Structures are given as structure tokens and as C-alpha cells.
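K.L.:
entry29.txt (compact mmCIF, C-alpha atoms) pasted underneath:
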# COMPACT_ATOMS: atom_id res chain seq x y z
CA MET H 30 3.94 -4.71 -16.93
CA LYS H 31 6.07 -1.85 -18.20
CA VAL H 32 6.55 1.43 -16.34
CA THR H 33 4.40 3.28 -18.89
CA GLU H 34 1.54 0.84 -18.32
CA LEU H 35 1.97 1.16 -14.55
CA LYS H 36 1.82 4.96 -14.78
CA ASN H 37 -1.35 4.74 -16.84
CA GLN H 38 -2.95 2.42 -14.26
CA LEU H 39 -1.93 4.69 -11.39
CA ASN H 40 -3.22 7.79 -13.19
CA ALA H 41 -6.60 6.10 -13.54
CA MET H 42 -6.88 5.44 -9.79
CA GLU H 43 -8.61 7.64 -7.26
CA LYS H 44 -6.54 9.29 -4.52
CA ASN H 45 -7.90 7.00 -1.79
CA GLU H 46 -7.08 3.92 -3.94
CA LEU H 47 -3.51 5.16 -4.40
CA ILE H 48 -3.15 5.73 -0.68
CA ALA H 49 -4.47 2.23 0.06
CA LEU H 50 -2.01 0.73 -2.45
CA ILE H 51 0.96 2.61 -1.00
CA VAL H 52 0.00 1.60 2.55
CA LYS H 53 -0.28 -2.03 1.40
CA LEU H 54 3.20 -1.88 -0.13
CA TYR H 55 4.54 -0.19 3.01
CA LYS H 56 3.15 -2.92 5.25
CA ASN H 57 4.26 -5.84 3.08
CA ASP H 58 7.67 -4.94 1.67
CA LYS H 59 10.66 -3.87 3.73
CA MET H 60 12.35 -2.10 0.80
CA CYS H 61 9.19 -0.07 0.13
CA ARG H 62 8.97 0.77 3.83
CA ASN H 63 12.61 1.95 3.87
CA ILE H 64 12.16 4.05 0.72
CA LEU H 65 9.03 5.72 2.06
CA ASP H 66 10.57 6.20 5.52
CA ALA H 67 13.59 7.86 3.92
CA GLU H 68 11.41 10.00 1.68
CA PHE H 69 9.10 11.30 4.39
CA GLY H 70 10.98 10.74 7.63
CA GLY H 71 13.67 13.38 7.49
CA GLU H 72 17.30 13.26 8.54
CA GLU H 73 16.67 11.37 11.78
CA VAL H 74 15.02 8.49 9.94
CA GLN H 75 17.78 8.48 7.32
CA ALA H 76 20.36 8.28 10.12
CA VAL H 77 18.53 5.27 11.59
CA LEU H 78 18.38 3.58 8.17
CA LEU H 79 22.14 4.15 7.73
CA ALA H 80 22.88 2.78 11.21
CA ASN H 81 20.71 -0.28 10.58
CA ALA H 82 22.34 -0.93 7.21
CA LYS H 83 25.80 -0.59 8.79
CA LYS H 84 24.85 -3.08 11.49
CA GLN H 85 23.56 -5.51 8.86
CA LEU H 86 26.77 -5.18 6.89
CA TYR H 87 28.94 -5.58 9.97
CA ASP H 88 27.05 -8.74 10.92
CA ILE H 89 27.62 -10.17 7.44
CA PHE H 90 31.36 -9.58 7.61
CA PHE H 91 31.89 -10.52 11.26
CA SER H 92 29.19 -12.98 12.27
CA LYS H 93 30.02 -16.55 13.19
CA ALA H 94 28.53 -17.73 9.90
CA SER H 95 30.76 -17.70 6.87
CA LEU H 96 31.07 -14.45 4.94
CA SER H 97 28.55 -14.04 2.12
CA LEU H 98 29.71 -11.43 -0.35
CA ARG H 99 26.39 -11.84 -2.16
CA ASN H 100 24.53 -10.76 0.99
CA ALA H 101 26.94 -7.89 1.58
CA LYS H 102 26.42 -6.62 -1.98
CA ALA H 103 22.64 -6.95 -1.56
CA VAL H 104 22.76 -4.73 1.55
CA LEU H 105 24.88 -2.18 -0.33
CA SER H 106 22.48 -2.21 -3.27
CA GLY H 107 19.44 -2.00 -0.99
CA PHE H 108 20.80 1.00 0.87
CA LYS H 109 21.55 2.76 -2.42
CA LYS H 110 17.85 2.49 -3.26
CA THR H 111 16.75 3.96 0.07
CA ALA H 112 19.43 6.60 0.67
CA LYS H 113 17.94 10.01 0.14
CA ASN H 114 21.16 11.80 1.04
CA LYS H 115 23.96 10.92 -1.42
CA GLU H 116 26.62 11.45 1.22
CA ASP H 117 25.01 8.78 3.39
CA TYR H 118 25.44 6.37 0.48
CA PHE H 119 29.06 7.47 -0.04
CA ASP H 120 29.68 6.90 3.67
CA PHE H 121 28.15 3.45 3.37
CA GLU H 122 30.33 2.55 0.38
CA LEU H 123 33.43 3.56 2.35
CA TYR H 124 32.21 1.54 5.34
CA TYR H 125 31.77 -1.51 3.09
CA VAL H 126 35.41 -1.29 1.94
CA GLU H 127 36.60 -0.63 5.50
CA LEU H 128 34.85 -3.79 6.69
CA GLY H 129 36.29 -5.87 3.85
CA THR H 130 39.77 -4.62 4.66
CA ALA H 131 39.30 -5.25 8.38
CA TYR H 132 37.99 -8.73 7.60
CA THR H 133 41.16 -9.56 5.69
CA ASN H 134 43.41 -8.13 8.37
CA GLU H 135 41.52 -10.14 11.01
CA TYR H 136 41.11 -13.50 9.25
CA GLY H 137 43.74 -13.52 6.51
CA ASP H 138 43.79 -13.56 2.75
CA VAL H 139 40.55 -14.23 0.89
CA ASN H 140 40.52 -14.43 -2.93
CA GLU H 141 40.82 -12.29 -6.02
CA ALA H 142 37.05 -11.94 -6.53
CA PHE H 143 36.67 -10.60 -2.99
CA TYR H 144 39.34 -7.94 -3.51
CA SER H 145 38.05 -7.07 -6.98
CA ASN H 146 34.65 -6.40 -5.42
CA LEU H 147 36.14 -4.15 -2.73
CA ILE H 148 38.22 -2.27 -5.30
CA SER H 149 35.15 -1.79 -7.48
CA VAL H 150 33.15 -0.36 -4.57
CA PHE H 151 36.03 1.92 -3.58
CA ALA H 152 36.45 3.11 -7.18
CA ASP H 153 32.72 3.89 -7.27
CA PHE H 154 33.04 5.73 -3.95
CA CYS H 155 35.92 7.84 -5.31
CA GLU H 156 34.08 8.68 -8.52
CA ASN H 157 30.92 9.57 -6.60
CA VAL H 158 32.83 11.94 -4.31
CA LYS H 159 34.59 13.59 -7.27
CA ARG H 160 31.36 13.96 -9.28
CA SER H 161 29.47 15.40 -6.35
CA GLY H 162 32.06 18.07 -5.67
CA GLY H 163 32.18 16.72 -2.14
CA SER H 164 35.27 18.40 -0.74
CA ASP H 165 33.48 18.96 2.56
CA PHE H 166 32.49 15.31 2.62
CA LEU H 167 36.06 14.30 1.78
CA HIS H 168 37.32 16.31 4.74
CA SER H 169 34.75 14.64 7.00
CA VAL H 170 36.03 11.16 6.09
CA ARG H 171 39.70 11.98 5.53
CA MET H 172 40.93 10.19 8.66
CA ARG H 173 38.99 7.08 7.65
CA LEU H 174 40.47 7.22 4.17
CA ASP H 175 43.99 7.58 5.55
CA ARG H 176 43.44 4.60 7.86
CA LEU H 177 41.94 2.50 5.03
CA ASN H 178 44.89 3.26 2.78
CA GLU H 179 47.33 2.32 5.52
CA GLU H 180 45.50 -0.88 6.49
CA ALA H 181 45.20 -2.02 2.85
CA GLN H 182 48.87 -1.70 1.95
CA ASP H 183 50.02 -5.17 3.03
CA ILE H 184 47.08 -7.03 1.48
CA GLY H 185 47.82 -9.13 -1.59
CA TRP H 186 46.14 -9.70 -4.95
CA GLY H 187 47.07 -6.12 -5.89
CA TYR H 188 44.50 -4.84 -3.41
CA GLY H 189 46.82 -2.60 -1.41
CA TYR H 190 48.27 -1.11 -4.58
CA GLU H 191 44.85 -0.41 -6.15
CA ILE H 192 43.43 1.13 -2.97
CA GLY H 193 46.57 3.29 -2.72
CA GLU H 194 46.23 4.48 -6.31
CA LEU H 195 42.54 5.32 -5.96
CA TYR H 196 43.19 7.02 -2.62
CA SER H 197 46.01 9.15 -4.07
CA GLU H 198 43.92 10.09 -7.09
CA LEU H 199 40.98 11.15 -4.91
CA ILE H 200 43.13 13.16 -2.51
CA GLY H 201 44.99 14.76 -5.42
CA PHE H 202 41.70 15.64 -7.14
CA TYR H 203 40.98 18.01 -4.29
CA GLY H 204 44.55 19.33 -4.19
CA GLU H 205 45.31 17.77 -0.82
CA GLU H 206 48.53 16.14 0.31
CA ASN H 207 48.88 12.42 0.94
CA GLU H 208 49.70 11.67 4.53
Is it possible to give me this structure as C-alpha cells?
P.N.:
Amino acid sequence: MKVTELKNQLNAMEKNELIALIVKLYKNDKMCRNILDAEFGGEEVQAVLLANAKKQLYDIFFSKASLSLRNAKAVLSGFKKTAKNKEDYFDFELYYVELGTAYTNEYGDVNEAFYSNLISVFADFCENVKRSGGSDFLHSVRMRLDRLNEEAQDIGWGYGYEIGELYSELIGFYGEENE
């Protein structure tokens, strides 16, 4: 079914039928529940969703099971769908890269695909912050960015260099000095 067809079907439904359908989706699908919780729950609920997503991501990177980048990317993608506050998503992107960097520093070199993924997420983070005009947000995460840049420098596959370049470009965009 296409979105247009879905809209037509929903428009034909009575209010009580729509409510019943939404409640059914809420009860049976975690993503729907998270989206609706974020939409109607306010900042406190969004903070809980962010904390839960961070815990999930941490467990993927640092559980006893082997690292699954596919699962990590799925958590990142899922949170993007539920994040009502764009800065929560930016924070989560940065956290993702921080965890990947910490993973490498803890367990050693991974592979080029792993670092390419982290660089891609960090590049997206930087572009998001620049597009949003988030100088206040940048200031709120500046210490984390400085630490990430420092911790990435000795990692191979061009990772340290790329993180350093993106970091410098982001900091320079807001007219700040590199530390």
C-alpha cells in the first residue's frame, strides 16, 4: 500500500477506529511505542528514550558478545526515528562515535569498514550541527569533542586524520580555536 492509499483509508475511518488502531500499534510495536512516547511524553520521556538508546548502544560495543556494527547502526537509525529533539539525536551520533573510538582504544584495531562507518556518522554529526546553527549545542559538547579528537589521533586506517579534519572544520565553522 502506498502512503496516499493509507491516508485515504485513514481519512475514511471514524475517530474511535483511529484511536483503536493507534493503540494496537502502540501495544504491538516497540518503534511505534517509542515514537508516540516521544511525541506525547515531553522532555522527560525523551530523556529516558535517549538514556535507553545509549545503554543499548553501549551494550552492543562493550558486551561479552562480539561487536555487531549492524546492530549498532540499527539502534542509531531507530533513535533517529524517535528523537523529537534534534539535539538529542546529535548527542547520540556523537556518543556512537565516542563508543567506537573507545572500543578501538580498548580492544585494538578493527577494520576499514568499521572506521569508515564511524567517520560517516561523525561527518553527519558535524553537518547536522552546522545546519542547525547549534553553537550553543557545540559549546555543550565541546569537551567531548576535544576528548574524541585526542583519543582518535593514534588510530589507523586514516581514522585519526579524518576525525581531526572534521573536528577542526566544525570548530572553525563557529570561529572557535582548536585546543
K.L.:
Do a neighbour search on Val139 in chain H at 10 Å with all atoms listed in the file, toss out local chain neighbours closer than 2 positions, and write the hits as a list in words.
P.N.:
Gly129, Tyr132, Thr133, Tyr136, Gly137, Glu141, Ala142, Phe143, Tyr144, Ile184, Gly185 and Trp186 of chain H
K.L.:
Rounded to one decimal place, report the CA of Tyr203 in chain H-CA of Ser161 in chain H distance in Å.
P.N.:
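Rounded to one decimal, the two atoms are 12.0 Å apart.
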K.L.:
Which of these residues is nearest to Ser97 in chain H, using all atoms listed in the file: H:Glu72, H:Gln85, H:Leu47, H:Leu167?
P.N.:
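When distances to Ser97 in chain H are compared using all atoms listed in the file, the smallest one comes from H:Gln85.
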K.L.:
To one decimal place in Å, what is the distance between CA of Gly163 in chain H and CA of Tyr125 in chain H?
P.N.:
19.0 Å
K.L.:
Pull the closest atom pair for each residue of range 95-172 of chain H that gets at most 8 Å from range 76-79 of chain H, along with the distance in Å to one decimal, counting only C-alpha atoms, ordering rows by chain and then ascending residue number, as JSON lines.
P.N.:
{"residue": "H:Phe108", "atom": "CA", "partner": "H:Leu79", "partner_atom": "CA", "distance": 7.7}
{"residue": "H:Ala112", "atom": "CA", "partner": "H:Leu79", "partner_atom": "CA", "distance": 7.9}
{"residue": "H:Asp117", "atom": "CA", "partner": "H:Leu79", "partner_atom": "CA", "distance": 7.0}
{"residue": "H:Phe121", "atom": "CA", "partner": "H:Leu79", "partner_atom": "CA", "distance": 7.5}
K.L.:
Could you turn the residues from that selection into a file that holds C-alpha atoms, as a PDB file, in the frame of the given file?
P.N.:
ATOM      1  CA  PHE H 108      20.800   1.000   0.870  1.00  0.00           C
ATOM      2  CA  ALA H 112      19.430   6.600   0.670  1.00  0.00           C
ATOM      3  CA  ASP H 117      25.010   8.780   3.390  1.00  0.00           C
ATOM      4  CA  PHE H 121      28.150   3.450   3.370  1.00  0.00           C
TER       5      PHE H 121
END
